[in-house]
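Asker: Got a structure for you, final.txt, holding compact mmCIF, C-alpha atoms.
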# COMPACT_ATOMS: atom_id res chain seq x y z
CA MET O 1170 25.08 -11.18 5.35
CA ASN O 1171 22.30 -9.49 3.42
CA ASP O 1172 20.54 -9.56 0.09
CA SER O 1173 23.23 -7.42 -1.53
CA LYS O 1174 25.81 -10.16 -0.86
CA GLN O 1175 23.87 -13.14 -2.20
CA PRO O 1176 25.66 -15.32 -4.79
CA LYS O 1177 25.64 -13.88 -8.28
CA ALA O 1178 23.65 -16.81 -9.65
CA GLU O 1179 20.76 -15.92 -7.37
CA ALA O 1180 20.35 -12.36 -8.59
CA SER O 1181 18.39 -12.90 -11.78
CA LEU O 1182 15.81 -15.15 -10.15
CA THR O 1183 15.29 -13.83 -6.67
CA ARG O 1184 15.69 -10.12 -7.31
CA ARG O 1185 14.05 -9.60 -10.69
CA SER O 1186 11.96 -12.66 -11.53
CA PHE O 1187 10.73 -13.17 -7.97
CA LEU O 1188 9.70 -9.57 -7.49
CA LYS O 1189 8.11 -9.46 -10.94
CA THR O 1190 6.23 -12.68 -10.22
CA THR O 1191 4.97 -11.46 -6.86
CA SER O 1192 4.24 -7.82 -7.66
CA THR O 1193 0.62 -8.43 -8.66
CA ALA O 1194 -0.02 -10.58 -5.62
CA VAL O 1195 1.54 -8.05 -3.27
CA THR O 1196 -0.40 -5.17 -4.77
CA GLY O 1197 -3.55 -7.28 -4.54
CA GLY O 1198 -3.07 -7.39 -0.78
CA ALA O 1199 -3.39 -3.59 -0.68
CA LEU O 1200 -0.87 -3.63 2.14
CA LEU O 1201 1.71 -1.01 1.32
CA SER O 1202 -0.82 1.77 1.65
CA THR O 1203 -1.69 0.60 5.16
CA LEU O 1204 1.86 1.05 6.44
CA PRO O 1205 2.36 4.82 6.75
CA VAL O 1206 5.88 6.20 7.00
CA GLU O 1207 5.80 7.16 10.67
CA ARG O 1208 9.55 7.08 11.22
CA PHE O 1209 12.65 6.66 9.10
CA ALA O 1210 15.60 4.87 10.67
CA LEU O 1211 18.68 6.95 9.95
CA GLY O 1212 21.12 4.50 11.48
CA ALA O 1213 22.80 4.50 14.86
CA SER O 1214 26.36 5.54 15.52
CA PRO O 1215 28.57 2.78 16.94
CA GLY O 1216 28.45 4.37 20.39
CA ASP O 1217 24.67 4.81 20.64
CA THR O 1218 22.60 2.86 23.15
CA LEU O 1219 20.17 0.64 21.28
CA ARG O 1220 16.92 -0.25 23.03
CA VAL O 1221 15.78 -3.83 22.39
CA ALA O 1222 12.31 -5.34 22.77
CA LEU O 1223 11.53 -9.06 22.78
CA VAL O 1224 8.19 -10.25 21.39
CA GLY O 1225 7.70 -13.92 22.22
CA CYS O 1226 9.46 -15.25 25.33
CA GLY O 1227 9.55 -18.97 24.50
CA GLY O 1228 12.73 -21.00 24.09
CA ARG O 1229 13.87 -19.50 20.79
CA GLY O 1230 12.91 -16.00 21.87
CA ARG O 1231 14.95 -16.25 25.05
CA GLU O 1232 18.00 -17.43 23.13
CA ALA O 1233 17.60 -14.77 20.42
CA ALA O 1234 17.28 -12.01 23.02
CA VAL O 1235 20.49 -13.12 24.74
CA GLN O 1236 22.28 -13.25 21.39
CA ALA O 1237 21.03 -9.77 20.45
CA LEU O 1238 22.14 -8.42 23.82
CA SER O 1239 25.56 -10.06 23.39
CA THR O 1240 26.47 -8.03 20.30
CA ALA O 1241 29.03 -5.22 20.41
CA GLY O 1242 28.12 -1.79 21.72
CA ASP O 1243 25.73 -0.44 24.30
CA LEU O 1244 22.38 -2.25 24.42
CA LYS O 1245 19.50 -2.54 26.84
CA LEU O 1246 16.49 -4.82 26.94
CA VAL O 1247 13.72 -2.31 27.67
CA ALA O 1248 10.49 -4.25 26.97
CA VAL O 1249 9.16 -7.79 26.65
CA ALA O 1250 5.82 -9.15 25.43
CA ASP O 1251 4.20 -12.57 25.41
CA ALA O 1252 0.68 -13.91 25.08
CA PHE O 1253 1.00 -15.66 28.46
CA GLN O 1254 2.23 -14.44 31.85
CA ASN O 1255 4.07 -17.64 32.77
CA ASN O 1256 5.93 -17.66 29.43
CA LEU O 1257 7.02 -14.09 30.04
CA GLU O 1258 8.21 -14.83 33.58
CA GLY O 1259 10.03 -18.01 32.53
CA GLY O 1260 11.66 -16.23 29.62
CA LEU O 1261 12.90 -13.37 31.77
CA LYS O 1262 14.30 -15.74 34.37
CA SER O 1263 16.29 -17.52 31.65
CA ILE O 1264 17.54 -14.26 30.12
CA GLN O 1265 18.58 -12.91 33.52
CA HIS O 1266 20.53 -16.09 34.21
CA GLU O 1267 22.34 -16.00 30.86
CA LEU O 1268 23.21 -12.31 31.30
CA ARG O 1269 24.07 -12.55 35.00
CA GLU O 1270 27.53 -11.14 34.31
CA ARG O 1271 26.05 -8.23 32.30
CA PRO O 1272 23.07 -7.10 34.38
CA GLU O 1273 23.38 -3.54 33.05
CA ARG O 1274 21.90 -4.77 29.78
CA LEU O 1275 18.55 -5.40 31.44
CA ALA O 1276 16.49 -2.24 31.91
CA LEU O 1277 13.01 -3.64 32.48
CA THR O 1278 10.37 -2.48 34.91
CA GLU O 1279 6.98 -3.96 35.73
CA GLU O 1280 5.48 -1.30 33.45
CA THR O 1281 7.48 -2.56 30.45
CA LYS O 1282 6.37 -6.20 30.67
CA PHE O 1283 3.31 -6.73 28.49
CA VAL O 1284 1.00 -9.75 28.37
CA GLY O 1285 -1.75 -10.61 25.89
CA LEU O 1286 -2.40 -11.09 22.19
CA ASP O 1287 -1.97 -7.35 21.56
CA ALA O 1288 1.03 -6.93 23.89
CA TYR O 1289 3.45 -6.83 20.95
CA LYS O 1290 2.35 -3.32 19.93
CA LYS O 1291 3.27 -1.86 23.31
CA ALA O 1292 6.68 -3.53 23.48
CA ILE O 1293 7.55 -2.53 19.91
CA ALA O 1294 6.77 1.11 20.70
CA MET O 1295 9.51 1.26 23.36
CA ALA O 1296 12.41 -0.07 21.27
CA ASP O 1297 14.85 0.70 18.49
CA VAL O 1298 15.30 -3.00 17.62
CA VAL O 1299 12.62 -5.69 17.92
CA VAL O 1300 13.25 -9.43 18.24
CA ILE O 1301 10.17 -11.32 16.96
CA ALA O 1302 10.06 -14.95 18.07
CA THR O 1303 6.35 -15.68 18.36
CA PRO O 1304 4.75 -18.73 16.67
CA PRO O 1305 5.18 -18.37 12.88
CA GLY O 1306 1.55 -17.56 12.11
CA PHE O 1307 1.81 -14.29 14.04
CA ARG O 1308 5.00 -13.11 12.31
CA PRO O 1309 3.43 -11.27 9.35
CA ILE O 1310 1.29 -9.04 11.59
CA HIS O 1311 4.09 -8.50 14.11
CA PHE O 1312 6.55 -7.69 11.33
CA GLU O 1313 4.07 -5.26 9.75
CA GLU O 1314 3.63 -3.46 13.07
CA ALA O 1315 7.37 -3.18 13.68
CA VAL O 1316 7.86 -1.75 10.19
CA ARG O 1317 4.92 0.63 10.66
CA GLN O 1318 6.50 1.92 13.86
CA GLY O 1319 9.90 2.31 12.15
CA LYS O 1320 11.94 -0.28 14.05
CA HIS O 1321 14.87 -2.46 13.05
CA ILE O 1322 13.87 -6.11 13.21
CA PHE O 1323 15.13 -9.61 13.79
CA MET O 1324 12.43 -12.22 13.17
CA GLU O 1325 12.65 -15.95 13.34
CA LYS O 1326 11.91 -18.27 10.45
CA PRO O 1327 9.56 -19.09 8.78
CA VAL O 1328 8.15 -15.62 8.24
CA ALA O 1329 4.63 -16.85 7.34
CA VAL O 1330 2.49 -19.99 7.09
CA ASP O 1331 0.33 -19.28 4.01
CA GLY O 1332 0.30 -17.36 0.73
CA PRO O 1333 -1.49 -14.28 2.12
CA GLY O 1334 1.03 -14.12 4.97
CA VAL O 1335 3.96 -14.25 2.54
CA ARG O 1336 2.43 -11.40 0.56
CA ARG O 1337 2.07 -9.31 3.72
CA VAL O 1338 5.71 -9.88 4.57
CA LEU O 1339 6.84 -8.94 1.05
CA ALA O 1340 4.82 -5.72 1.18
CA ALA O 1341 6.19 -4.80 4.59
CA ALA O 1342 9.73 -5.68 3.43
CA GLU O 1343 9.48 -3.11 0.65
CA GLU O 1344 8.25 -0.53 3.14
CA ALA O 1345 11.16 -1.40 5.44
CA LYS O 1346 13.57 -0.59 2.61
CA LYS O 1347 11.92 2.80 2.10
CA LYS O 1348 12.37 3.54 5.81
CA ASN O 1349 15.99 2.32 5.83
CA LEU O 1350 15.16 -0.35 8.40
CA LYS O 1351 17.53 -3.28 8.84
CA VAL O 1352 15.87 -6.70 8.88
CA GLY O 1353 17.37 -10.06 9.84
CA VAL O 1354 15.67 -13.46 9.46
CA GLY O 1355 16.69 -16.51 11.50
CA LEU O 1356 18.12 -18.68 8.72
CA GLN O 1357 21.46 -18.91 10.48
CA ARG O 1358 23.17 -21.22 7.97
CA ARG O 1359 23.53 -18.13 5.76
CA HIS O 1360 25.84 -16.72 8.45
CA GLN O 1361 27.80 -19.89 9.18
CA LEU O 1362 31.38 -19.75 7.88
CA GLY O 1363 31.53 -23.41 6.91
CA TYR O 1364 28.31 -23.14 4.91
CA LEU O 1365 29.43 -19.88 3.30
CA GLU O 1366 32.70 -21.36 2.08
CA THR O 1367 31.12 -24.64 0.96
CA VAL O 1368 28.29 -23.04 -0.99
CA GLN O 1369 30.71 -20.64 -2.66
CA ARG O 1370 32.84 -23.56 -3.85
CA LEU O 1371 29.78 -25.33 -5.21
CA GLN O 1372 28.76 -22.22 -7.12
CA ASP O 1373 32.33 -21.87 -8.42
CA GLY O 1374 32.10 -25.36 -9.97
CA ALA O 1375 33.96 -27.54 -7.45
CA ILE O 1376 31.80 -30.58 -8.30
CA GLY O 1377 31.09 -29.60 -11.89
CA ASP O 1378 27.58 -29.05 -13.19
CA LEU O 1379 24.99 -29.68 -10.51
CA ILE O 1380 22.65 -32.64 -11.12
CA ALA O 1381 20.48 -33.04 -8.03
CA LEU O 1382 20.17 -32.26 -4.31
CA ARG O 1383 18.84 -34.27 -1.36
CA VAL O 1384 17.73 -32.48 1.80
CA TYR O 1385 16.43 -33.94 5.07
CA TRP O 1386 14.99 -33.05 8.43
CA ASN O 1387 14.06 -36.49 9.73
CA GLY O 1388 13.77 -36.83 13.50
CA GLY O 1389 11.41 -37.35 16.37
CA PRO O 1390 8.26 -35.48 17.39
CA VAL O 1391 8.44 -31.88 18.61
CA GLY O 1392 4.82 -31.62 19.80
CA PRO O 1393 2.28 -31.59 21.29
CA LYS O 1394 3.44 -28.49 23.11
CA ALA O 1395 0.46 -28.62 25.48
CA ARG O 1396 -2.37 -30.98 26.40
CA ARG O 1397 -5.88 -29.78 27.01
CA ALA O 1398 -6.30 -31.75 30.25
CA ASP O 1399 -3.07 -30.35 31.70
CA LEU O 1400 -4.09 -26.80 30.81
CA GLU O 1401 -7.49 -27.22 32.43
CA LYS O 1402 -5.82 -28.49 35.61
CA SER O 1403 -3.27 -25.67 35.77
CA MET O 1404 -5.80 -22.94 34.89
CA GLY O 1405 -8.59 -24.19 37.11
CA ARG O 1406 -10.99 -24.02 34.16
CA PRO O 1407 -11.22 -25.29 30.60
CA PRO O 1408 -9.09 -23.18 28.26
CA THR O 1409 -10.85 -21.38 25.45
CA GLU O 1410 -10.21 -22.88 22.04
CA MET O 1411 -7.91 -19.97 21.19
CA GLU O 1412 -5.93 -20.38 24.41
CA TYR O 1413 -5.54 -24.09 23.79
CA GLN O 1414 -4.39 -23.76 20.19
CA VAL O 1415 -1.90 -20.97 20.92
CA ARG O 1416 -0.46 -23.02 23.80
CA ASN O 1417 -0.29 -26.09 21.54
CA TRP O 1418 0.85 -24.03 18.56
CA TYR O 1419 3.09 -26.62 16.89
CA MET O 1420 0.12 -28.87 16.07
CA PHE O 1421 -1.99 -26.30 14.17
CA ASN O 1422 -1.23 -25.03 10.68
CA TRP O 1423 -2.35 -21.44 11.23
CA LEU O 1424 0.29 -21.14 13.94
CA CYS O 1425 3.06 -23.50 12.79
CA GLY O 1426 2.52 -24.24 9.11
CA ASP O 1427 3.38 -27.91 9.81
CA HIS O 1428 6.91 -29.11 10.53
CA ILE O 1429 7.88 -28.98 6.86
CA VAL O 1430 7.44 -25.22 7.20
CA GLU O 1431 8.70 -24.67 10.75
CA GLN O 1432 11.79 -26.95 10.65
CA HIS O 1433 12.57 -28.09 7.12
CA ILE O 1434 12.84 -24.50 5.89
CA HIS O 1435 16.49 -24.56 6.97
CA ASN O 1436 17.39 -27.34 4.54
CA LEU O 1437 15.31 -26.04 1.65
CA ASP O 1438 16.73 -22.56 2.16
CA VAL O 1439 20.15 -24.14 1.59
CA ALA O 1440 18.84 -25.69 -1.65
CA ASN O 1441 17.59 -22.28 -2.81
CA TRP O 1442 20.95 -20.78 -1.88
CA VAL O 1443 23.02 -23.40 -3.72
CA LEU O 1444 20.85 -23.23 -6.84
CA GLY O 1445 20.51 -19.46 -6.84
CA GLY O 1446 16.74 -19.24 -6.94
CA TYR O 1447 13.45 -20.87 -6.03
CA PRO O 1448 11.64 -23.95 -7.40
CA LEU O 1449 9.11 -23.49 -10.17
CA ARG O 1450 7.29 -26.84 -9.83
CA ALA O 1451 6.66 -29.18 -6.89
CA TRP O 1452 4.75 -32.34 -6.06
CA GLY O 1453 4.85 -34.82 -3.21
CA MET O 1454 3.14 -37.01 -0.63
CA GLY O 1455 2.68 -37.13 3.12
CA GLY O 1456 0.41 -38.16 5.93
CA ARG O 1457 -0.05 -39.12 9.59
CA ALA O 1458 1.37 -42.45 10.80
CA TYR O 1459 2.29 -41.56 14.39
CA GLN O 1460 0.38 -38.48 15.52
CA LYS O 1461 -3.02 -39.45 16.88
CA GLY O 1462 -5.54 -38.14 19.39
CA PRO O 1463 -7.00 -34.71 20.18
CA ASP O 1464 -3.74 -33.05 21.20
CA SER O 1465 -2.09 -33.99 17.89
CA GLY O 1466 -4.04 -31.28 16.10
CA GLU O 1467 -3.97 -31.34 12.30
CA ILE O 1468 -0.35 -31.54 11.14
CA PHE O 1469 1.21 -34.42 9.19
CA ASP O 1470 4.13 -36.33 10.67
CA HIS O 1471 5.89 -37.04 7.37
CA HIS O 1472 6.34 -35.26 4.02
CA ALA O 1473 8.31 -36.12 0.87
CA VAL O 1474 8.44 -33.47 -1.87
CA GLN O 1475 10.25 -33.14 -5.19
CA TYR O 1476 11.06 -29.61 -6.33
CA GLU O 1477 12.10 -28.67 -9.86
CA TYR O 1478 14.08 -25.47 -10.47
CA ALA O 1479 14.35 -23.33 -13.61
CA ASN O 1480 17.46 -25.19 -14.80
CA GLY O 1481 15.71 -28.57 -14.54
CA ILE O 1482 17.57 -29.66 -11.41
CA ARG O 1483 15.52 -31.69 -8.95
CA VAL O 1484 15.67 -31.37 -5.15
CA PHE O 1485 14.47 -34.43 -3.25
CA SER O 1486 13.14 -33.36 0.11
CA GLU O 1487 12.12 -35.43 3.16
CA CYS O 1488 11.01 -34.48 6.66
CA ARG O 1489 9.59 -36.73 9.33
CA GLN O 1490 8.65 -36.51 13.03
CA ILE O 1491 8.29 -40.16 14.05
CA PRO O 1492 10.31 -41.78 16.85
CA SER O 1493 12.67 -44.77 16.44
CA CYS O 1494 13.28 -44.14 12.74
CA TRP O 1495 16.35 -43.25 10.66
CA GLY O 1496 17.22 -39.65 11.32
CA SER O 1497 19.13 -37.03 9.40
CA VAL O 1498 19.27 -33.24 9.30
CA SER O 1499 21.44 -32.59 6.28
CA GLU O 1500 21.87 -31.34 2.71
CA HIS O 1501 23.69 -33.17 -0.11
CA VAL O 1502 24.60 -32.03 -3.63
CA HIS O 1503 25.45 -34.25 -6.61
CA GLY O 1504 27.45 -32.94 -9.56
CA THR O 1505 29.21 -34.20 -12.69
CA LYS O 1506 32.61 -34.13 -10.94
CA GLY O 1507 31.76 -35.08 -7.39
CA THR O 1508 29.43 -34.81 -4.43
CA CYS O 1509 29.11 -32.55 -1.41
CA ASP O 1510 27.80 -33.04 2.12
CA VAL O 1511 27.02 -29.38 2.70
CA GLY O 1512 26.56 -29.36 6.47
CA LEU O 1513 29.75 -31.40 6.92
CA TYR O 1514 31.59 -28.91 4.68
CA THR O 1515 32.97 -31.81 2.66
CA ILE O 1516 33.49 -32.17 -1.09
CA ARG O 1517 34.39 -35.53 -2.63
CA GLY O 1518 35.63 -36.09 -6.15
CA ALA O 1519 38.13 -34.40 -8.44
CA ASN O 1520 38.37 -31.34 -6.17
CA ALA O 1521 38.18 -33.06 -2.78
CA TRP O 1522 38.12 -30.56 0.10
CA LYS O 1523 36.99 -30.15 3.70
CA TYR O 1524 36.50 -26.92 5.59
CA ARG O 1525 38.42 -26.77 8.88
CA GLY O 1526 38.26 -23.07 9.66
CA GLY O 1527 35.94 -22.99 12.68
CA GLY O 1528 33.90 -19.83 13.05
CA LYS O 1529 31.52 -18.23 15.54
CA ASN O 1530 28.22 -19.78 16.59
CA PRO O 1531 25.96 -18.89 13.62
CA TYR O 1532 23.06 -17.93 15.91
CA GLN O 1533 25.32 -15.29 17.43
CA GLN O 1534 26.84 -14.33 14.09
CA GLU O 1535 23.47 -13.47 12.53
CA HIS O 1536 22.81 -10.98 15.34
CA ASP O 1537 26.35 -9.58 15.12
CA ASP O 1538 25.82 -8.97 11.42
CA LEU O 1539 22.43 -7.31 11.93
CA PHE O 1540 23.58 -5.00 14.72
CA ASP O 1541 26.73 -4.08 12.79
CA ALA O 1542 24.48 -3.02 9.89
CA ILE O 1543 22.29 -0.99 12.25
CA ARG O 1544 25.21 0.80 13.90
CA ASN O 1545 27.07 1.48 10.66
CA ASP O 1546 24.05 2.03 8.37
CA LYS O 1547 24.86 -0.81 5.96
CA PRO O 1548 22.25 -2.18 3.51
CA TYR O 1549 20.65 -5.15 5.23
CA ASN O 1550 17.25 -6.67 4.55
CA GLU O 1551 16.75 -10.43 4.61
CA ALA O 1552 12.94 -10.30 4.63
CA SER O 1553 12.35 -10.96 0.92
CA ARG O 1554 14.76 -13.88 0.94
CA GLY O 1555 13.08 -15.22 4.07
CA ALA O 1556 9.72 -14.94 2.32
CA THR O 1557 11.07 -16.83 -0.71
CA SER O 1558 12.21 -19.77 1.40
CA SER O 1559 9.03 -19.64 3.48
CA LEU O 1560 6.89 -19.94 0.35
CA THR O 1561 9.11 -22.81 -0.84
CA VAL O 1562 8.20 -24.90 2.20
CA ILE O 1563 4.58 -23.70 2.34
CA ARG O 1564 4.22 -24.94 -1.23
CA GLY O 1565 5.62 -28.29 -0.11
CA SER O 1566 2.80 -28.69 2.40
CA MET O 1567 0.30 -27.59 -0.24
CA CYS O 1568 1.55 -30.44 -2.45
CA THR O 1569 1.48 -33.10 0.26
CA TYR O 1570 -1.93 -32.04 1.57
CA SER O 1571 -3.57 -31.95 -1.86
CA GLY O 1572 -1.58 -34.61 -3.70
CA LYS O 1573 -1.35 -32.17 -6.62
CA GLU O 1574 1.49 -30.54 -8.54
CA ILE O 1575 1.56 -26.87 -7.57
CA SER O 1576 3.45 -24.08 -9.31
CA TRP O 1577 5.18 -21.13 -7.70
CA ASP O 1578 2.58 -18.70 -9.06
CA GLU O 1579 -0.30 -20.79 -7.71
CA ALA O 1580 1.21 -20.83 -4.24
CA MET O 1581 2.02 -17.13 -4.28
CA LYS O 1582 -1.47 -16.16 -5.40
CA SER O 1583 -3.28 -18.55 -3.07
CA GLN O 1584 -6.27 -16.99 -1.35
CA ILE O 1585 -6.44 -19.63 1.41
CA ASP O 1586 -5.92 -17.59 4.57
CA LEU O 1587 -5.39 -19.76 7.65
CA MET O 1588 -5.56 -16.94 10.18
CA PRO O 1589 -8.55 -16.24 12.47
CA SER O 1590 -10.64 -13.17 11.72
CA GLU O 1591 -9.75 -11.63 15.09
CA PHE O 1592 -7.23 -12.19 17.86
CA THR O 1593 -8.90 -12.42 21.25
CA TRP O 1594 -9.00 -15.31 23.69
CA GLU O 1595 -12.73 -15.71 23.01
CA ALA O 1596 -12.40 -15.71 19.19
CA MET O 1597 -12.65 -19.00 17.33
CA PRO O 1598 -9.86 -20.30 15.09
CA LYS O 1599 -10.94 -21.63 11.71
CA VAL O 1600 -10.16 -25.26 12.59
CA LEU O 1601 -12.28 -26.64 15.44
CA PRO O 1602 -12.56 -30.07 17.10
CA ASP O 1603 -15.41 -32.46 16.48
CA ALA O 1604 -17.60 -34.00 19.18
CA ASN O 1605 -14.77 -36.37 20.13
CA GLY O 1606 -12.23 -33.57 20.41
CA LEU O 1607 -10.47 -34.60 17.20
CA TYR O 1608 -9.36 -32.21 14.47
CA SER O 1609 -9.76 -32.92 10.77
CA TYR O 1610 -6.60 -33.03 8.68
CA ALA O 1611 -5.75 -32.97 5.01
CA ILE O 1612 -6.69 -35.90 2.76
CA PRO O 1613 -4.54 -36.05 -0.42
CA GLY O 1614 -6.71 -36.15 -3.50
CA LYS O 1615 -9.56 -34.38 -1.71
CA THR O 1616 -8.06 -31.39 0.09
CA VAL O 1617 -7.87 -28.10 -1.81
CA ALA O 1618 -4.62 -26.40 -0.81
CA VAL O 1619 -4.40 -23.31 -3.08
Give the structure from this file in structure tokens form.

Answerer:
Amino acid sequence: MNDSKQPKAEASLTRRSFLKTTSTAVTGGALLSTLPVERFALGASPGDTLRVALVGCGGRGREAAVQALSTAGDLKLVAVADAFQNNLEGGLKSIQHELRERPERLALTEETKFVGLDAYKKAIAMADVVVIATPPGFRPIHFEEAVRQGKHIFMEKPVAVDGPGVRRVLAAAEEAKKKNLKVGVGLQRRHQLGYLETVQRLQDGAIGDLIALRVYWNGGPVGPKARRADLEKSMGRPPTEMEYQVRNWYMFNWLCGDHIVEQHIHNLDVANWVLGGYPLRAWGMGGRAYQKGPDSGEIFDHHAVQYEYANGIRVFSECRQIPSCWGSVSEHVHGTKGTCDVGLYTIRGANAWKYRGGGKNPYQQEHDDLFDAIRNDKPYNEASRGATSSLTVIRGSMCTYSGKEISWDEAMKSQIDLMPSEFTWEAMPKVLPDANGLYSYAIPGKTVAV
């Protein structure tokens, strides 16, 4: 799975129009010139030992590392990095347990375990392949560094949380192509056999002309990830504001992007895939009905967005993190000759069909595909596509926060940079609590989002 194998309908929009649309914005970031060609990846022979580094040892990072180390061929985990010592230790314990029958794949020493906000640079330097599973806000700078050092990369989704971050990823993605680096992005539905067959049938006309899509990620709360009082108790002192926000990363937009960005990207990536492009217009609404109190940060707990694509088709999008409500994580397509429940691999109508072919765990398959491309020097770069879907969901939050209609160009060219000016534990994030410990959040009709 890579850009070269995307459906034919996607080519004209995402390869030519998308790159043409974003070229000015990318150049404006002046980023390509800051990524010198230090190393070109020439590919690894199938028998080579590949050295793997993990950056971000939380739950998803632990799983991704095990999946990377479960691919075919000789591999060794040679370095790990995390902002926090206890995360690193917990992650390693989990990885060691999962690989207990393959201990030869772990080649770590105390000198190759790195802790801190700059630990990623040291771990990346030791590897051939880097797994990036830090909170989303860090991914543009971690991806840039891995590309600068000439490493193959797997990074989780979303790849950014704001327009400037998307532009950084696009610039680094072009540099990765020049260096022949292979890049995977954790949108695993693109590697799932049932999804692949279902989407292909939709694009081949199984339900006629497409009319509309509905996509959902409605469920319960994921955060807070940490509470200030608990951190103070465990640390024996009050955490700095940076320590607190990074620990409680899901509740702050500069780290998470809001749950429409962090979770709902999966469903809207499917919409982009089915329709062969990205939405040109979007508008929506959202707010906070459940999340309250200091540890709830600034994110919304519900969003509803309508997206309009170049062919006039509308995608109706909902995501919610409120307990005891109707839940659904799914994608549905309506056509002139039938309907499709994409995640159930089911088509109803004149060409009724259901996929029954099984297939490998898609989280494992995406790593198998990436490492096969590395070992056999196949074209493989999912970064631009990951950036497209990331901007799709970022634009959704821009719409719900502002209450305004926002175009693709406006979102891409946005100068609102959510990231702090420096990354140290003493530095201050841009969003700070008031005297009561509460954080301000977006007010539709008043908030400026682009």

Asker: Have a look at CA of Gly1392 in chain O and CA of Met1597 in chain O and let me know their distance in Å, one decimal.

Answerer: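 The value is 21.7 Å.
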
Asker: Please list as a PyMOL selection string every residue within 7 Å of range 1283-1294 of chain O, counting all atoms listed in the file and excluding residues in the same chain fewer than 2 positions away.

Answerer: chain O and resi 1222+1224+1248-1254+1281+1296+1299+1314-1315+1318+1592-1593

Asker: Quick one: distance from CA of Val1316 in chain O to CA of Glu1344 in chain O in Å, one decimal?

Answerer: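 Between CA of Val1316 in chain O and CA of Glu1344 in chain O the gap is 7.2 Å.
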
Asker: Please report the interatomic distance between CA of Glu1551 in chain O and CA of Gln1534 in chain O in Å with one decimal.

Answerer: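 Computing the Euclidean distance for CA of Glu1551 in chain O and CA of Gln1534 in chain O yields 14.4 Å.
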
Asker: Counting only C-alpha atoms, what is within 9 Å of Phe1323 in chain O, bar same-chain residues fewer than 5 positions away, as an NGL selection string?

Answerer: :O and (1233 or 1237 or 1298-1302 or 1351-1355 or 1536 or 1539)

Asker: Give one line per residue of range 1457-1573 of chain O that approaches range 1429-1447 of chain O to at most 6 Å, naming the two atoms of the closest pair and their distance in Å to one decimal, counting all atoms listed in the file; sort by chain then ascending residue number and deliver it as CSV.

Answerer:
residue,atom,partner,partner_atom,distance
O:Ser1558,CA,O:Asp1438,CA,5.4
O:Val1562,CA,O:Val1430,CA,5.1
O:Ile1563,CA,O:Val1430,CA,5.8

Asker: Find the smallest box with edges along x, y and z containing every listed atom of range 1308-1311 of chain O, then add 5 Å on each side and report centre and edge lengths in Å to one decimal, as JSON.

Answerer:
{"center_x": 3.1, "center_y": -10.8, "center_z": 11.7, "size_x": 13.7, "size_y": 14.6, "size_z": 14.8}

Asker: Here is a test: counting all atoms listed in the file, which residue of O:Val1511, O:Ala1234, O:Val1368, O:Met1454 is nearest to Gln1533 in chain O?

Answerer: O:Ala1234

Asker: Nearest residue to Lys1506 in chain O out of O:Glu1325, O:Glu1487, O:Glu1232, O:Asp1378, using only C-alpha atoms?

Answerer: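 The answer is O:Asp1378, which sits nearest to Lys1506 in chain O.
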
Asker: O:Cys1488, O:Arg1416, O:Gly1306, O:Leu1601: which is nearest Pro1333 in chain O, counting only C-alpha atoms?

Answerer: O:Gly1306

Asker: Is it possible to get the residues within 9 Å of (6.0, -7.8, 5.3) (coordinates as in the file, counting only C-alpha atoms) written as a PyMOL selection string?

Answerer: chain O and resi 1200-1201+1308-1310+1312-1313+1316+1328+1334-1345+1552-1553+1556

Asker: Would you save the residues from that selection as a PDB file, keeping the file's coordinate frame, using C-alpha atoms?

Answerer:
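selection.pdb written:
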ATOM      1  CA  LEU O1200      -0.870  -3.630   2.140  1.00  0.00           C
ATOM      2  CA  LEU O1201       1.710  -1.010   1.320  1.00  0.00           C
ATOM      3  CA  ARG O1308       5.000 -13.110  12.310  1.00  0.00           C
ATOM      4  CA  PRO O1309       3.430 -11.270   9.350  1.00  0.00           C
ATOM      5  CA  ILE O1310       1.290  -9.040  11.590  1.00  0.00           C
ATOM      6  CA  PHE O1312       6.550  -7.690  11.330  1.00  0.00           C
ATOM      7  CA  GLU O1313       4.070  -5.260   9.750  1.00  0.00           C
ATOM      8  CA  VAL O1316       7.860  -1.750  10.190  1.00  0.00           C
ATOM      9  CA  VAL O1328       8.150 -15.620   8.240  1.00  0.00           C
ATOM     10  CA  GLY O1334       1.030 -14.120   4.970  1.00  0.00           C
ATOM     11  CA  VAL O1335       3.960 -14.250   2.540  1.00  0.00           C
ATOM     12  CA  ARG O1336       2.430 -11.400   0.560  1.00  0.00           C
ATOM     13  CA  ARG O1337       2.070  -9.310   3.720  1.00  0.00           C
ATOM     14  CA  VAL O1338       5.710  -9.880   4.570  1.00  0.00           C
ATOM     15  CA  LEU O1339       6.840  -8.940   1.050  1.00  0.00           C
ATOM     16  CA  ALA O1340       4.820  -5.720   1.180  1.00  0.00           C
ATOM     17  CA  ALA O1341       6.190  -4.800   4.590  1.00  0.00           C
ATOM     18  CA  ALA O1342       9.730  -5.680   3.430  1.00  0.00           C
ATOM     19  CA  GLU O1343       9.480  -3.110   0.650  1.00  0.00           C
ATOM     20  CA  GLU O1344       8.250  -0.530   3.140  1.00  0.00           C
ATOM     21  CA  ALA O1345      11.160  -1.400   5.440  1.00  0.00           C
ATOM     22  CA  ALA O1552      12.940 -10.300   4.630  1.00  0.00           C
ATOM     23  CA  SER O1553      12.350 -10.960   0.920  1.00  0.00           C
ATOM     24  CA  ALA O1556       9.720 -14.940   2.320  1.00  0.00           C
TER      25      ALA O1556
END

Asker: In terms of the shortest atom-to-atom distance over only C-alpha atoms, which of O:Met1581, O:Ala1458, O:Gly1260, O:Tyr1524 is closest to Ser1559 in chain O?

Answerer: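 The shortest atom-to-atom distance to Ser1559 in chain O comes from O:Met1581.
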